[in-house]
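For reference, coords.cif (mmCIF, C-alpha atoms):
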data_entry
loop_
_atom_site.label_atom_id
_atom_site.label_comp_id
_atom_site.auth_asym_id
_atom_site.auth_seq_id
_atom_site.Cartn_x
_atom_site.Cartn_y
_atom_site.Cartn_z
CA MET A 243 0.00 0.00 0.00
CA ALA A 244 2.82 2.40 0.95
CA SER A 245 4.65 1.68 -2.30
CA SER A 246 1.51 2.33 -4.35
CA LEU A 247 0.95 5.65 -2.59
CA ALA A 248 4.57 6.67 -3.13
CA PHE A 249 4.36 5.85 -6.83
CA ALA A 250 1.08 7.72 -7.16
CA ALA A 251 2.73 10.74 -5.56
CA PHE A 252 5.58 10.43 -8.07
CA LEU A 253 3.21 10.49 -11.04
CA LEU A 254 1.23 13.37 -9.54
CA ALA A 255 4.35 15.41 -8.96
CA ALA A 256 5.56 14.80 -12.50
CA SER A 257 2.33 15.76 -14.19
CA ASN A 258 0.56 18.35 -12.03
CA VAL A 259 2.69 20.50 -9.74
CA GLN A 260 0.77 23.53 -8.48
CA GLY A 261 0.93 26.46 -6.11
CA SER A 262 4.31 27.09 -4.44
CA TRP A 263 5.68 23.79 -5.80
CA GLN A 264 7.89 23.76 -8.87
CA TYR A 265 9.69 20.97 -10.58
CA ARG A 266 12.64 20.71 -12.84
CA HIS A 267 14.24 17.85 -14.72
CA PRO A 268 17.63 16.94 -13.19
CA TYR A 269 19.02 15.84 -16.56
CA GLU A 270 17.25 18.37 -18.73
CA ALA A 271 20.45 20.19 -19.63
CA LYS A 272 22.18 16.97 -20.64
CA CYS A 273 19.52 15.47 -22.92
CA ARG A 274 20.53 15.59 -26.56
CA PRO A 275 18.15 15.82 -29.55
CA THR A 276 19.97 13.00 -31.36
CA THR A 277 20.11 9.31 -30.59
CA LEU A 278 23.88 9.18 -31.19
CA HIS A 279 25.96 9.78 -28.07
CA MET A 280 29.59 10.38 -28.89
CA ALA A 281 32.62 9.71 -26.71
CA PRO A 282 34.37 12.53 -24.83
CA LYS A 283 36.68 14.61 -27.03
CA LYS A 284 39.80 13.00 -25.57
CA ALA A 285 38.68 9.60 -26.85
CA MET A 286 38.44 10.89 -30.47
CA ALA A 287 35.98 8.13 -31.34
CA SER A 288 34.68 7.84 -34.89
CA GLU A 289 31.41 6.24 -33.79
CA PRO A 290 28.96 6.86 -30.92
CA VAL A 291 29.56 5.28 -27.54
CA TYR A 292 25.84 4.60 -26.99
CA TRP A 293 22.83 4.83 -29.24
CA ILE A 294 19.19 3.78 -29.63
CA ASP A 295 17.90 1.77 -32.57
CA GLU A 296 14.46 2.48 -34.01
CA MET A 297 13.08 -0.79 -32.65
CA ASP A 298 14.32 -0.08 -29.11
CA ASN A 299 11.53 0.87 -26.74
CA VAL A 300 11.13 0.92 -22.99
CA SER A 301 8.74 -1.72 -21.69
CA ILE A 302 6.97 -0.60 -18.49
CA VAL A 303 4.44 -2.64 -16.52
CA ASN A 304 2.45 -1.09 -13.68
CA ASP A 305 -0.16 -3.57 -12.50
CA ASN A 306 -1.35 -3.50 -8.88
CA GLY A 307 2.08 -2.81 -7.46
CA ASN A 308 3.77 -5.32 -9.77
CA ARG A 309 5.93 -2.73 -11.47
CA ARG A 310 8.90 -3.32 -13.71
CA ILE A 311 10.86 -1.67 -16.50
CA LYS A 312 12.90 -3.19 -19.29
CA PHE A 313 15.12 -1.43 -21.84
CA THR A 314 18.18 -1.83 -24.08
CA ILE A 315 21.03 0.61 -24.63
CA ARG A 316 23.21 -0.06 -27.70
CA GLY A 317 26.99 0.25 -27.48
CA ASN A 318 29.86 -1.75 -26.03
CA PRO A 319 29.28 -2.14 -22.24
CA LYS A 320 31.78 -0.40 -19.98
CA VAL A 321 33.04 -1.05 -16.48
CA LEU A 322 32.89 1.41 -13.61
CA LYS A 323 36.43 2.60 -12.95
CA ARG A 324 37.65 3.32 -9.46
CA HIS A 325 37.47 6.92 -8.31
CA ARG A 326 40.81 8.66 -8.56
CA ASN A 327 42.58 11.38 -6.65
CA ALA A 328 44.26 14.21 -8.51
CA ARG A 329 45.72 17.31 -6.84
CA GLY A 330 43.80 16.56 -3.69
CA PHE A 331 40.44 16.17 -5.43
CA MET A 332 38.50 12.93 -5.90
CA TYR A 333 36.89 12.41 -9.30
CA ASN A 334 34.96 9.73 -11.19
CA PRO A 335 36.78 8.77 -14.45
CA SER A 336 33.62 7.04 -15.70
CA LYS A 337 31.36 10.08 -15.32
CA ALA A 338 31.38 11.17 -18.99
CA TYR A 339 30.35 7.71 -20.20
CA GLN A 340 27.73 7.38 -17.45
CA ASP A 341 26.20 10.68 -18.57
CA LEU A 342 25.97 9.35 -22.15
CA PHE A 343 24.36 6.13 -20.92
CA ARG A 344 21.75 8.11 -18.94
CA ASP A 345 21.10 10.40 -21.89
CA CYS A 346 20.17 7.43 -24.06
CA LEU A 347 17.77 6.14 -21.43
CA MET A 348 16.15 9.55 -20.98
CA GLU A 349 15.43 9.76 -24.73
CA ILE A 350 13.33 6.59 -24.75
CA LEU A 351 11.87 6.88 -21.24
CA PRO A 352 8.30 8.26 -21.27
CA GLN A 353 8.14 11.77 -19.84
CA GLU A 354 5.91 10.77 -16.94
CA TYR A 355 8.66 8.48 -15.61
CA HIS A 356 11.44 11.05 -15.75
CA PRO A 357 13.00 11.89 -12.36
CA VAL A 358 11.59 15.08 -10.89
CA ILE A 359 13.08 17.49 -8.37
CA ILE A 360 10.46 19.43 -6.45
CA ASP A 361 11.50 22.84 -5.13
CA SER A 362 9.45 23.82 -2.13
CA ARG A 363 9.90 26.38 0.62
CA ASP A 364 8.73 23.66 3.02
CA SER A 365 11.59 21.26 2.28
CA ASP A 366 15.37 21.45 1.98
CA SER A 367 15.63 18.15 0.12
CA ASP A 368 16.92 18.17 -3.45
CA GLU A 369 16.53 14.42 -3.96
CA PRO A 370 14.51 13.65 -7.12
CA ILE A 371 11.25 11.73 -7.08
CA VAL A 372 11.90 8.56 -9.05
CA MET A 373 9.99 5.59 -10.42
CA PHE A 374 11.18 3.29 -7.60
CA PRO A 375 11.24 5.21 -4.28
CA GLU A 376 13.75 4.35 -1.56
CA ASN A 377 11.30 2.23 0.48
CA GLU A 378 11.07 -0.39 -2.31
CA PHE A 379 13.36 -3.39 -2.69
CA LEU A 380 14.31 -4.30 -6.23
CA LYS A 381 15.37 -7.19 -8.43
CA MET A 382 17.70 -6.28 -11.28
CA SER A 383 18.70 -8.39 -14.29
CA MET A 384 21.35 -7.38 -16.83
CA THR A 385 22.76 -8.96 -19.97
CA PHE A 386 25.96 -7.45 -21.33
CA ARG A 387 26.51 -8.21 -25.01
CA MET A 388 30.16 -7.42 -25.64
CA LYS A 389 31.45 -6.02 -28.92
CA ARG A 390 33.27 -8.61 -30.98
CA PRO A 391 36.87 -7.96 -32.11
CA ASN A 392 37.52 -7.66 -35.84
CA ASN A 393 39.35 -10.99 -35.96
CA HIS A 394 36.03 -12.76 -35.33
CA PHE A 395 34.89 -11.73 -38.84
CA VAL A 396 35.84 -12.87 -42.30
CA GLY A 397 38.53 -10.55 -43.62
CA SER A 398 38.46 -8.71 -40.25
CA LYS A 399 35.49 -6.73 -41.55
CA PRO A 400 32.51 -6.69 -39.12
CA GLY A 401 29.04 -7.08 -40.57
CA PRO A 402 25.91 -9.24 -40.58
CA GLY A 403 26.63 -12.78 -41.68
CA ARG A 404 30.42 -12.30 -41.66
CA LEU A 405 31.27 -14.20 -38.48
CA LYS A 406 33.94 -16.83 -39.00
CA PRO A 407 32.75 -20.46 -38.56
CA ASN A 408 35.33 -20.96 -35.80
CA ALA A 409 34.54 -17.68 -33.99
CA PRO A 410 33.35 -18.04 -30.38
CA GLN A 411 29.57 -18.31 -30.43
CA LYS A 412 28.48 -16.91 -27.06
CA TYR A 413 30.86 -17.12 -24.14
CA PHE A 414 34.41 -15.84 -24.39
CA SER A 415 36.93 -15.10 -21.64
CA ASN A 416 38.84 -11.94 -22.46
CA ARG A 417 39.87 -8.64 -20.92
CA SER A 418 36.63 -6.85 -21.75
CA GLY A 419 35.82 -6.31 -18.08
CA ASP A 420 34.63 -8.27 -15.07
CA VAL A 421 30.89 -8.77 -14.93
CA ASP A 422 30.71 -7.24 -11.43
CA ASN A 423 32.27 -3.98 -12.63
CA LEU A 424 29.95 -3.94 -15.64
CA CYS A 425 27.04 -4.17 -13.20
CA LYS A 426 28.45 -1.38 -11.04
CA PHE A 427 28.59 0.95 -14.05
CA VAL A 428 24.89 0.51 -14.82
CA MET A 429 23.70 0.45 -11.21
CA ASP A 430 25.59 3.62 -10.34
CA SER A 431 24.41 5.33 -13.54
CA LEU A 432 20.75 4.77 -12.62
CA ASN A 433 21.01 6.28 -9.14
CA GLN A 434 18.40 9.06 -8.80
CA VAL A 435 17.21 8.28 -12.33
CA LEU A 436 15.08 5.16 -11.90
CA TYR A 437 15.64 4.49 -8.21
CA ALA A 438 16.78 6.54 -5.22
CA ASP A 439 19.87 4.45 -4.50
CA ASP A 440 21.34 1.22 -5.86
CA ARG A 441 21.29 -0.16 -2.31
CA GLN A 442 17.63 -0.90 -3.02
CA VAL A 443 18.77 -3.72 -5.32
CA VAL A 444 18.73 -6.87 -3.17
CA CYS A 445 18.54 -9.44 -5.97
CA LEU A 446 20.93 -9.24 -8.92
CA ASN A 447 21.26 -11.44 -12.02
CA ALA A 448 23.93 -10.71 -14.62
CA MET A 449 25.41 -12.36 -17.70
CA LYS A 450 28.22 -11.37 -20.06
CA VAL A 451 28.13 -12.78 -23.60
CA LEU A 452 29.45 -11.93 -27.04
CA ASP A 453 27.13 -9.91 -29.25
CA SER A 454 25.87 -11.89 -32.24
CA ASP A 455 23.31 -9.38 -33.53
CA GLY A 456 23.90 -7.35 -36.68
CA ASP A 457 27.33 -5.71 -36.64
CA CYS A 458 27.95 -7.17 -33.16
CA LYS A 459 28.86 -3.79 -31.64
CA GLY A 460 27.47 -4.56 -28.19
CA SER A 461 24.48 -3.64 -26.05
CA THR A 462 23.17 -3.69 -22.48
CA ASP A 463 19.78 -5.19 -21.56
CA VAL A 464 18.36 -4.06 -18.22
CA GLU A 465 15.26 -5.17 -16.34
CA ILE A 466 14.21 -3.83 -12.92
CA SER A 467 11.21 -5.01 -10.90
CA VAL A 468 9.78 -4.52 -7.43
CA LEU A 469 10.10 -7.41 -4.97
CA ASN A 470 6.80 -7.90 -3.18
CA ASP A 471 7.77 -10.98 -1.13
#

Render the structure in this file as structure tokens.
Amino acid sequence: MASSLAFAAFLLAASNVQGSWQYRHPYEAKCRPTTLHMAPKKAMASEPVYWIDEMDNVSIVNDNGNRRIKFTIRGNPKVLKRHRNARGFMYNPSKAYQDLFRDCLMEILPQEYHPVIIDSRDSDSDEPIVMFPENEFLKMSMTFRMKRPNNHFVGSKPGPGRLKPNAPQKYFSNRSGDVDNLCKFVMDSLNQVLYADDRQVVCLNAMKVLDSDGDCKGSTDVEISVLND
């Protein structure tokens, strides 16, 4: 009952804020009009880091408290790097890529589910209202489809139908990143976007495989649901 009321308050705040209450989108300044999200300038990448295909849509179920969301972000999955200290300041070296990952999600996420910050003279809190409030416990499932190296393709030229007969089919042990650090990247990126804090995730399923779809450039499948047990 409490979770349903909290979610109802979230939808109300997002759609009909009145009187002394105002709301603003915490990622409004970062959202880009294109579905191609390029790497930071230092990386000098010739292709986007993350993108959305035309067939990619967010699947959201909200049925009597049985809520869940499922989506796919295209692009080679990345790990969350350890925070570093430079000149006495701590910084997150993964921040630029996390921003791009969030931007892709915000483009396909329906407006009514966007995180909302409510400015009120009655409260000092600047925490956004999100789809899964902090009193809910969550189950999270992720599949990381890793980009294939060129030597997996005939003539070292990636493309549909060009995989070598002896190329690894699904599982492949390489240095593409530990699955736990791949999970940390996504979970940290979704803080205050879909849920209040990734500590709400009490059940986690994850798998790392080689991408075998199209040009095999990689993708991340994410599903989050409320645990009602």

Check your understanding: What separation in Å, quoted to one decimal, exists between atom CA of A:Val303 and atom CA of A:Glu465?
Key -> 11.1 Å

Check your understanding: Which is closer to A:Leu380 than all the others in A:Asn299, A:Asp440, A:Ser461, A:Tyr292, using all atoms listed in the file?
Key ->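 Going through A:Asn299, A:Asp440, A:Ser461, A:Tyr292 one by one, the smallest distance to A:Leu380 is for A:Asp440.
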
Exercise for review: Kindly resolve the PyMOL selection byres ((chain A and resi 343) around 12) on the present coordinates and return the residues as a PyMOL selection string.
Suggested key: chain A and resi 269+272-274+277-281+290-294+313-320+336-342+344-350+427-432+435+461-462

Check your understanding: Quick one, how far is atom CA of A:Asp295 from atom CA of A:Leu436?
Key -> 21.1 Å

Check your understanding: Expressed in Å to a single decimal, how great is the separation between atom CA of A:Ala448 and atom CA of A:Leu405?
Key -> 25.2 Å

**Study point:** A:Val451 surroundings by only C-alpha atoms, 8 Å radius, close-in-sequence under 6 positions cut, as a PyMOL selection string
**Key:** chain A and resi 385-388+412-414

Exercise for review: Using all atoms listed in the file, give me every residue within 12 Å of (34.3, -8.2, -30.0) in file coordinates, as a PyMOL selection string.
Suggested key: chain A and resi 317-319+387-395+398-401+405+409-418+451-455+457-461

Check your understanding: So which residues touch A:Phe379 within 12 Å, counting all atoms listed in the file, skipping near sequence neighbours fewer than 5 positions away, as JSON, numbers by chain?
Key -> {"A": [245, 309, 310, 374, 437, 438, 439, 440, 441, 442, 443, 444, 445, 446, 466, 467, 468, 469, 470, 471]}

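Nearest residue to A:Asp298 among A:Val372, A:Lys312, A:Gly403, A:Glu354 is A:Lys312, counting all atoms listed in the file.
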
Exercise for review: Point out the residue among A:His356, A:Gln434, A:Ala328, A:Gly456 with the least atom-to-atom distance to A:Pro402, counting only C-alpha atoms.
Suggested key: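 So, comparing all the options, the nearest one is A:Gly456.
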
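Selection result for the displayed file, with the PyMOL selection byres ((chain A and resi 371) around 6) as criterion, is A:Phe252, A:Pro357, A:Val358, A:Pro370, A:Val372.
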
From the coordinates I just gave you, please extract stretch 300-403 of chain A so that only C-alpha atoms remain, then output it as a CSV table (one decimal), in the first residue's frame.
chain,number,residue,atom,x,y,z
A,300,VAL,CA,11.1,0.9,-23.0
A,301,SER,CA,8.7,-1.7,-21.7
A,302,ILE,CA,7.0,-0.6,-18.5
A,303,VAL,CA,4.4,-2.6,-16.5
A,304,ASN,CA,2.5,-1.1,-13.7
A,305,ASP,CA,-0.2,-3.6,-12.5
A,306,ASN,CA,-1.3,-3.5,-8.9
A,307,GLY,CA,2.1,-2.8,-7.5
A,308,ASN,CA,3.8,-5.3,-9.8
A,309,ARG,CA,5.9,-2.7,-11.5
A,310,ARG,CA,8.9,-3.3,-13.7
A,311,ILE,CA,10.9,-1.7,-16.5
A,312,LYS,CA,12.9,-3.2,-19.3
A,313,PHE,CA,15.1,-1.4,-21.8
A,314,THR,CA,18.2,-1.8,-24.1
A,315,ILE,CA,21.0,0.6,-24.6
A,316,ARG,CA,23.2,-0.1,-27.7
A,317,GLY,CA,27.0,0.2,-27.5
A,318,ASN,CA,29.9,-1.8,-26.0
A,319,PRO,CA,29.3,-2.1,-22.2
A,320,LYS,CA,31.8,-0.4,-20.0
A,321,VAL,CA,33.0,-1.1,-16.5
A,322,LEU,CA,32.9,1.4,-13.6
A,323,LYS,CA,36.4,2.6,-12.9
A,324,ARG,CA,37.7,3.3,-9.5
A,325,HIS,CA,37.5,6.9,-8.3
A,326,ARG,CA,40.8,8.7,-8.6
A,327,ASN,CA,42.6,11.4,-6.6
A,328,ALA,CA,44.3,14.2,-8.5
A,329,ARG,CA,45.7,17.3,-6.8
A,330,GLY,CA,43.8,16.6,-3.7
A,331,PHE,CA,40.4,16.2,-5.4
A,332,MET,CA,38.5,12.9,-5.9
A,333,TYR,CA,36.9,12.4,-9.3
A,334,ASN,CA,35.0,9.7,-11.2
A,335,PRO,CA,36.8,8.8,-14.4
A,336,SER,CA,33.6,7.0,-15.7
A,337,LYS,CA,31.4,10.1,-15.3
A,338,ALA,CA,31.4,11.2,-19.0
A,339,TYR,CA,30.4,7.7,-20.2
A,340,GLN,CA,27.7,7.4,-17.5
A,341,ASP,CA,26.2,10.7,-18.6
A,342,LEU,CA,26.0,9.4,-22.1
A,343,PHE,CA,24.4,6.1,-20.9
A,344,ARG,CA,21.8,8.1,-18.9
A,345,ASP,CA,21.1,10.4,-21.9
A,346,CYS,CA,20.2,7.4,-24.1
A,347,LEU,CA,17.8,6.1,-21.4
A,348,MET,CA,16.1,9.6,-21.0
A,349,GLU,CA,15.4,9.8,-24.7
A,350,ILE,CA,13.3,6.6,-24.8
A,351,LEU,CA,11.9,6.9,-21.2
A,352,PRO,CA,8.3,8.3,-21.3
A,353,GLN,CA,8.1,11.8,-19.8
A,354,GLU,CA,5.9,10.8,-16.9
A,355,TYR,CA,8.7,8.5,-15.6
A,356,HIS,CA,11.4,11.0,-15.7
A,357,PRO,CA,13.0,11.9,-12.4
A,358,VAL,CA,11.6,15.1,-10.9
A,359,ILE,CA,13.1,17.5,-8.4
A,360,ILE,CA,10.5,19.4,-6.4
A,361,ASP,CA,11.5,22.8,-5.1
A,362,SER,CA,9.5,23.8,-2.1
A,363,ARG,CA,9.9,26.4,0.6
A,364,ASP,CA,8.7,23.7,3.0
A,365,SER,CA,11.6,21.3,2.3
A,366,ASP,CA,15.4,21.5,2.0
A,367,SER,CA,15.6,18.1,0.1
A,368,ASP,CA,16.9,18.2,-3.5
A,369,GLU,CA,16.5,14.4,-4.0
A,370,PRO,CA,14.5,13.6,-7.1
A,371,ILE,CA,11.2,11.7,-7.1
A,372,VAL,CA,11.9,8.6,-9.1
A,373,MET,CA,10.0,5.6,-10.4
A,374,PHE,CA,11.2,3.3,-7.6
A,375,PRO,CA,11.2,5.2,-4.3
A,376,GLU,CA,13.7,4.4,-1.6
A,377,ASN,CA,11.3,2.2,0.5
A,378,GLU,CA,11.1,-0.4,-2.3
A,379,PHE,CA,13.4,-3.4,-2.7
A,380,LEU,CA,14.3,-4.3,-6.2
A,381,LYS,CA,15.4,-7.2,-8.4
A,382,MET,CA,17.7,-6.3,-11.3
A,383,SER,CA,18.7,-8.4,-14.3
A,384,MET,CA,21.3,-7.4,-16.8
A,385,THR,CA,22.8,-9.0,-20.0
A,386,PHE,CA,26.0,-7.5,-21.3
A,387,ARG,CA,26.5,-8.2,-25.0
A,388,MET,CA,30.2,-7.4,-25.6
A,389,LYS,CA,31.5,-6.0,-28.9
A,390,ARG,CA,33.3,-8.6,-31.0
A,391,PRO,CA,36.9,-8.0,-32.1
A,392,ASN,CA,37.5,-7.7,-35.8
A,393,ASN,CA,39.4,-11.0,-36.0
A,394,HIS,CA,36.0,-12.8,-35.3
A,395,PHE,CA,34.9,-11.7,-38.8
A,396,VAL,CA,35.8,-12.9,-42.3
A,397,GLY,CA,38.5,-10.5,-43.6
A,398,SER,CA,38.5,-8.7,-40.3
A,399,LYS,CA,35.5,-6.7,-41.5
A,400,PRO,CA,32.5,-6.7,-39.1
A,401,GLY,CA,29.0,-7.1,-40.6
A,402,PRO,CA,25.9,-9.2,-40.6
A,403,GLY,CA,26.6,-12.8,-41.7
